[in-house]
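Pasted below: data_15.csv, CSV, C-alpha atoms and all ligand atoms.
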chain,number,residue,atom,x,y,z
H,1,MET,CA,13.0,-26.4,-10.2
H,2,SER,CA,10.4,-26.2,-13.0
H,3,LYS,CA,11.1,-24.4,-16.3
H,4,THR,CA,8.6,-21.7,-15.2
H,5,SER,CA,10.4,-21.3,-11.9
H,6,GLN,CA,13.7,-20.9,-13.7
H,7,ILE,CA,12.4,-18.3,-16.1
H,8,LEU,CA,10.7,-16.4,-13.3
H,9,MET,CA,13.9,-16.3,-11.3
H,10,GLN,CA,15.9,-15.2,-14.3
H,11,MET,CA,13.4,-12.4,-14.8
H,12,TYR,CA,13.6,-11.4,-11.2
H,13,GLU,CA,17.4,-11.5,-11.0
H,14,ALA,CA,17.8,-9.5,-14.3
H,15,ALA,CA,15.3,-6.8,-13.2
H,16,ARG,CA,16.8,-6.6,-9.7
H,17,ALA,CA,20.3,-6.3,-11.2
H,18,ARG,CA,19.0,-3.2,-13.1
H,19,PHE,CA,16.7,-1.6,-10.6
H,20,GLY,CA,18.1,-2.8,-7.3
H,21,HIS,CA,16.0,-3.9,-4.4
H,22,ARG,CA,12.9,-1.7,-4.6
H,23,GLU,CA,12.2,-1.4,-0.9
H,24,TRP,CA,8.4,-1.4,-1.4
H,25,TRP,CA,5.8,-0.5,-0.2
H,26,PRO,CA,6.6,3.2,0.3
H,27,GLY,CA,4.3,3.7,3.3
H,28,GLU,CA,5.4,4.3,6.8
H,29,THR,CA,3.0,2.2,8.8
H,30,PRO,CA,0.6,-0.7,8.2
H,31,LEU,CA,-2.4,1.8,8.2
H,32,GLU,CA,-0.6,4.1,5.7
H,33,ILE,CA,0.0,1.1,3.5
H,34,CYS,CA,-3.6,-0.1,3.6
H,35,VAL,CA,-5.0,3.4,3.0
H,36,GLY,CA,-2.4,3.9,0.2
H,37,ALA,CA,-3.4,0.6,-1.4
H,38,ILE,CA,-7.0,2.0,-1.8
H,39,LEU,CA,-5.8,5.5,-2.8
H,40,THR,CA,-3.5,4.2,-5.5
H,41,GLN,CA,-6.3,2.7,-7.6
H,42,ASN,CA,-6.2,4.5,-11.0
H,43,THR,CA,-3.6,7.0,-10.1
H,44,ASN,CA,0.2,7.3,-9.6
H,45,TRP,CA,2.0,7.2,-6.3
H,46,THR,CA,3.0,10.8,-6.3
H,47,ASN,CA,-0.6,11.8,-6.0
H,48,VAL,CA,-1.2,9.2,-3.3
H,49,GLU,CA,1.8,10.7,-1.3
H,50,LYS,CA,0.2,14.1,-1.4
H,51,ALA,CA,-3.1,12.7,-0.1
H,52,ILE,CA,-1.3,10.7,2.7
H,53,ALA,CA,0.7,13.8,3.6
H,54,ASN,CA,-2.7,15.7,4.0
H,55,LEU,CA,-4.0,13.0,6.3
H,56,ASN,CA,-0.9,13.0,8.4
H,57,ALA,CA,-0.9,16.9,8.6
H,58,ASP,CA,-4.5,16.7,9.7
H,59,GLY,CA,-3.5,14.3,12.4
H,60,CYS,CA,-6.1,11.7,11.3
H,61,MET,CA,-3.9,8.8,10.4
H,62,SER,CA,-5.4,6.3,12.9
H,63,VAL,CA,-8.3,4.0,12.6
H,64,SER,CA,-10.4,5.9,15.1
H,65,ALA,CA,-9.6,9.3,13.7
H,66,LEU,CA,-10.4,8.2,10.1
H,67,HIS,CA,-13.6,6.5,11.4
H,68,ALA,CA,-14.6,9.8,13.0
H,69,LYS,CA,-14.2,11.8,9.8
H,70,SER,CA,-17.2,12.3,7.6
H,71,GLN,CA,-17.0,11.1,4.1
H,72,GLU,CA,-17.0,14.7,2.8
H,73,GLU,CA,-14.1,15.7,5.2
H,74,LEU,CA,-12.1,12.7,4.1
H,75,ALA,CA,-12.8,13.4,0.4
H,76,ALA,CA,-11.4,16.9,0.8
H,77,LEU,CA,-8.2,15.6,2.4
H,78,ILE,CA,-7.5,12.9,-0.2
H,79,LYS,CA,-8.4,15.1,-3.2
H,80,PRO,CA,-4.9,14.9,-4.8
H,81,ALA,CA,-5.4,11.1,-5.3
H,82,GLY,CA,-8.3,11.7,-7.7
H,83,TYR,CA,-11.7,10.0,-7.7
H,84,PHE,CA,-11.8,11.3,-4.2
H,85,ASN,CA,-15.5,10.8,-3.5
H,86,VAL,CA,-15.3,7.1,-4.5
H,87,LYS,CA,-12.1,6.6,-2.7
H,88,ALA,CA,-13.3,8.3,0.5
H,89,LYS,CA,-16.2,5.9,0.6
H,90,ARG,CA,-13.9,3.0,0.1
H,91,VAL,CA,-11.5,4.1,2.8
H,92,LYS,CA,-14.5,4.6,5.1
H,93,ASN,CA,-15.8,1.1,4.3
H,94,PHE,CA,-12.4,-0.4,5.1
H,95,ILE,CA,-11.9,1.6,8.3
H,96,ALA,CA,-15.4,0.8,9.5
H,97,HIS,CA,-14.7,-2.9,9.1
H,98,VAL,CA,-11.4,-2.7,11.0
H,99,TYR,CA,-12.8,-0.4,13.7
H,100,GLU,CA,-15.9,-2.6,14.4
H,101,SER,CA,-13.8,-5.6,15.5
H,102,PHE,CA,-10.4,-4.2,16.3
H,103,GLY,CA,-10.7,-0.5,17.2
H,104,ASP,CA,-7.4,1.2,16.6
H,105,ASP,CA,-5.4,-2.1,16.6
H,106,ILE,CA,-4.8,-2.6,12.8
H,107,GLU,CA,-1.9,-4.9,13.6
H,108,ALA,CA,-4.3,-7.3,15.3
H,109,PHE,CA,-6.6,-7.1,12.3
H,110,LEU,CA,-3.7,-7.9,10.0
H,111,ASP,CA,-2.2,-10.6,12.2
H,112,ARG,CA,-4.5,-13.4,10.9
H,113,SER,CA,-4.2,-16.0,8.1
H,114,VAL,CA,-3.9,-15.0,4.5
H,115,ALA,CA,-7.2,-16.9,3.8
H,116,THR,CA,-9.1,-15.0,6.5
H,117,LEU,CA,-7.7,-11.6,5.4
H,118,HIS,CA,-8.4,-12.4,1.8
H,119,GLU,CA,-12.0,-13.4,2.5
H,120,GLU,CA,-12.7,-10.4,4.8
H,121,LEU,CA,-11.0,-7.8,2.6
H,122,LEU,CA,-12.9,-9.0,-0.5
H,123,SER,CA,-16.2,-8.7,1.3
H,124,ILE,CA,-15.6,-4.9,1.8
H,125,ASN,CA,-17.2,-2.8,-0.9
H,126,GLY,CA,-14.5,-1.2,-3.1
H,127,ILE,CA,-11.7,-3.6,-2.3
H,128,GLY,CA,-10.7,-5.8,-5.2
H,129,ARG,CA,-8.1,-8.6,-5.5
H,130,GLU,CA,-5.1,-6.4,-6.2
H,131,THR,CA,-5.9,-4.0,-3.3
H,132,ALA,CA,-6.5,-6.9,-0.9
H,133,ASP,CA,-3.3,-8.7,-1.9
H,134,SER,CA,-1.3,-5.4,-1.6
H,135,MET,CA,-2.5,-5.0,2.0
H,136,ILE,CA,-1.8,-8.6,2.8
H,137,LEU,CA,1.7,-8.6,1.3
H,138,TYR,CA,2.9,-5.2,2.2
H,139,ALA,CA,1.0,-4.3,5.4
H,140,ALA,CA,0.5,-7.7,6.9
H,141,GLY,CA,3.9,-9.1,5.6
H,142,LYS,CA,2.4,-12.4,4.4
H,143,THR,CA,3.1,-14.3,1.2
H,144,THR,CA,0.4,-13.5,-1.3
H,145,PHE,CA,1.4,-12.4,-4.8
H,146,VAL,CA,0.1,-9.0,-6.1
H,147,VAL,CA,-1.0,-9.3,-9.7
H,148,ASP,CA,-1.5,-6.2,-11.8
H,149,THR,CA,-1.6,-5.1,-15.5
H,150,TYR,CA,2.2,-5.1,-15.6
H,151,THR,CA,2.4,-8.6,-14.3
H,152,TYR,CA,-0.1,-9.8,-16.9
H,153,ARG,CA,1.6,-8.1,-19.8
H,154,ILE,CA,5.2,-9.2,-19.0
H,155,LEU,CA,4.2,-12.8,-18.3
H,156,LEU,CA,2.1,-12.9,-21.5
H,157,ARG,CA,4.9,-11.4,-23.7
H,158,HIS,CA,7.3,-13.9,-22.2
H,159,GLY,CA,5.1,-16.9,-23.0
H,160,LEU,CA,4.4,-17.9,-19.4
H,161,ILE,CA,0.6,-17.3,-19.6
H,162,ASP,CA,-2.1,-17.2,-22.3
H,163,SER,CA,-4.2,-14.1,-22.9
H,164,ASP,CA,-7.2,-15.8,-21.2
H,165,TYR,CA,-5.4,-16.1,-17.8
H,166,ASP,CA,-7.4,-14.3,-15.1
H,167,TYR,CA,-6.1,-12.9,-11.8
H,168,GLU,CA,-6.4,-16.1,-9.8
H,169,MET,CA,-4.7,-18.2,-12.5
H,170,ILE,CA,-1.7,-15.8,-12.7
H,171,LYS,CA,-1.5,-15.7,-8.9
H,172,GLU,CA,-1.6,-19.5,-8.7
H,173,LEU,CA,1.1,-19.9,-11.3
H,174,LEU,CA,3.4,-17.4,-9.5
H,175,GLU,CA,2.8,-18.8,-6.0
H,176,SER,CA,3.3,-22.4,-7.1
H,177,SER,CA,6.5,-21.5,-8.9
H,178,LEU,CA,8.2,-19.3,-6.4
H,179,ALA,CA,9.7,-20.1,-2.9
H,180,ASP,CA,7.4,-19.1,-0.1
H,181,ASP,CA,9.5,-16.0,0.8
H,182,VAL,CA,7.8,-12.8,1.7
H,183,ASP,CA,10.8,-10.6,0.7
H,184,LEU,CA,10.9,-12.3,-2.7
H,185,TYR,CA,7.1,-11.7,-3.3
H,186,ASN,CA,7.5,-8.1,-2.1
H,187,ASP,CA,10.4,-7.2,-4.3
H,188,PHE,CA,9.3,-9.3,-7.3
H,189,HIS,CA,6.0,-7.4,-7.7
H,190,ALA,CA,8.0,-4.1,-7.3
H,191,GLN,CA,10.4,-5.3,-10.1
H,192,PHE,CA,7.5,-6.1,-12.4
H,193,VAL,CA,6.1,-2.6,-11.8
H,194,ALA,CA,9.6,-1.0,-12.6
H,195,VAL,CA,9.9,-3.1,-15.8
H,196,GLY,CA,6.3,-2.3,-16.8
H,197,LYS,CA,6.6,1.4,-16.1
H,198,HIS,CA,9.9,1.9,-18.0
H,199,TYR,CA,9.7,-0.7,-20.8
H,200,CYS,CA,6.8,-3.1,-21.0
H,201,LYS,CA,4.2,-0.4,-21.8
H,202,PRO,CA,1.1,-1.1,-23.9
H,203,LYS,CA,3.6,-0.8,-26.8
H,204,ALA,CA,6.7,-2.7,-25.6
H,205,LYS,CA,10.1,-0.8,-25.6
H,206,CYS,CA,12.3,-3.9,-25.6
H,207,ALA,CA,15.5,-2.1,-26.5
H,208,GLY,CA,17.5,-1.8,-23.2
H,209,CYS,CA,14.9,-3.6,-21.1
H,210,PRO,CA,16.6,-5.8,-18.5
H,211,LEU,CA,14.5,-8.8,-19.7
H,212,GLU,CA,15.4,-8.3,-23.4
H,213,HIS,CA,17.8,-11.3,-23.4
H,214,LEU,CA,15.0,-13.7,-22.4
H,215,PRO,CA,12.6,-15.2,-25.1
H,216,HIS,CA,9.7,-12.8,-25.7
H,217,ASP,CA,7.1,-11.6,-28.2
H,218,PRO,CA,6.6,-7.8,-27.8
H,219,SER,CA,3.4,-7.9,-30.0
H,220,ALA,CA,1.6,-10.2,-27.5
H,221,GLY,CA,-1.2,-8.3,-25.7
H,222,LEU,CA,-0.8,-5.2,-27.8
H,223,GLU,CA,-3.5,-2.8,-26.8
K,301,LIG,S1,9.6,-4.6,-22.9
K,301,LIG,FE1,10.1,-6.4,-24.2
K,301,LIG,S2,11.8,-7.4,-23.2
K,301,LIG,FE2,10.9,-6.0,-21.7
K,301,LIG,S3,9.5,-7.2,-20.5
K,301,LIG,FE3,8.3,-6.3,-22.2
K,301,LIG,S4,8.4,-7.8,-23.8
K,301,LIG,FE4,10.0,-8.4,-22.3
Go through the file and emit its structure as structure tokens.
Ligand code: SF4
Amino acid sequence: MSKTSQILMQMYEAARARFGHREWWPGETPLEICVGAILTQNTNWTNVEKAIANLNADGCMSVSALHAKSQEELAALIKPAGYFNVKAKRVKNFIAHVYESFGDDIEAFLDRSVATLHEELLSINGIGRETADSMILYAAGKTTFVVDTYTYRILLRHGLIDSDYDYEMIKELLESSLADDVDLYNDFHAQFVAVGKHYCKPKAKCAGCPLEHLPHDPSAGLE
């Protein structure tokens, strides 16, 4: 096991010992997870939950029902998630893509290789790397690591990456250092989110952080 792998697993075990298994993603179905991955851009999960509850209450949480909604109708339903006009357009783009080839069968859409899903999802206007990887990991259940601001900040402060690492470089580092285990990928990302939300904020709060015993420089990446 490489030094990086060892440090990563020490981080994971320490965070998990504190926060427990995170049981992510908090969506009920593959479609809810995909829609949630778009809605959670630039907002917190509580707001996404309200938007998803509106969609469920309206009875439109299916590919065909979402496809039948106008962008304006959809925007009104997802209003709690913020940036609702932009997000409604993004959801419509994603849904149209699925509907054209797979109709209501989102499982069939997701039941393809990581490379195919990655390429297709990134071709849809409004779906970036983090959103695509969230769908592939949490809705399709396939091993692709989700990188976010918390991941970058924690790895930077623990000396595993340099400040010029981009999304793909961080993803490559993680995927080449961790066992090919979808549950590990799933929970590892969720642990990074928990550490980032509670401790590794733009100004690090290292006292009491579960990763405090590991070598780190809290001033790295200070925003
Ligand atoms: S808050 Fe401090 S100890 Fe915790 S992850 Fe960030 S740099 Fe590491």
Restricting to all atoms listed in the file, whichever of H:Val195, H:Ala37, H:Ile161, H:Ala220 is closest to Gly126 in chain H is H:Ala37
All residues 12 Å or closer to Thr29 in chain H, only C-alpha atoms, same chain fewer than 2 positions away omitted, as a list in words: Trp25, Pro26, Gly27, Leu31, Glu32, Ile33, Cys34, Val35, Gly36, Ile52, Asn56, Met61, Ser62, Ile106, Glu107, Met135, Tyr138, Ala139, Ala140 and Gly141 of chain H
Throw together the list of residues within 6 Å of ligand LIG 301 (chain K), counting only C-alpha atoms and all ligand atoms, and drop it here as number ranges by chain. H: 154, 157, 199-200, 204-206, 209, 211-212, 216-218
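Residue nearest His21 in chain H within the list H:Trp45, H:Tyr83, H:Phe102, H:Tyr185: H:Tyr185 [criterion: smallest interatomic distance, only C-alpha atoms].
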For Arg22 in chain H: contacts at 8 Å, all atoms listed in the file, fewer than 3 positions along chain excluded, given as a PDB file with C-alpha atoms, in the frame of the given file:
ATOM      1  CA  PHE H  19      16.700  -1.600 -10.600  1.00  0.00           C
ATOM      2  CA  ASP H 187      10.400  -7.200  -4.300  1.00  0.00           C
ATOM      3  CA  ALA H 190       8.000  -4.100  -7.300  1.00  0.00           C
ATOM      4  CA  GLN H 191      10.400  -5.300 -10.100  1.00  0.00           C
TER       5      GLN H 191
END
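Here the question is which of H:Ser5, H:Thr144, H:Thr131, H:Thr151 gets nearest to Ala194 in chain H using all atoms listed in the file, and that residue is H:Thr151.
Of the residues listed (H:Ala17, H:Thr149, H:Thr46, H:Thr4), H:Thr4 shows the shortest atom-to-atom separation from Ser176 in chain H; distances use only C-alpha atoms.
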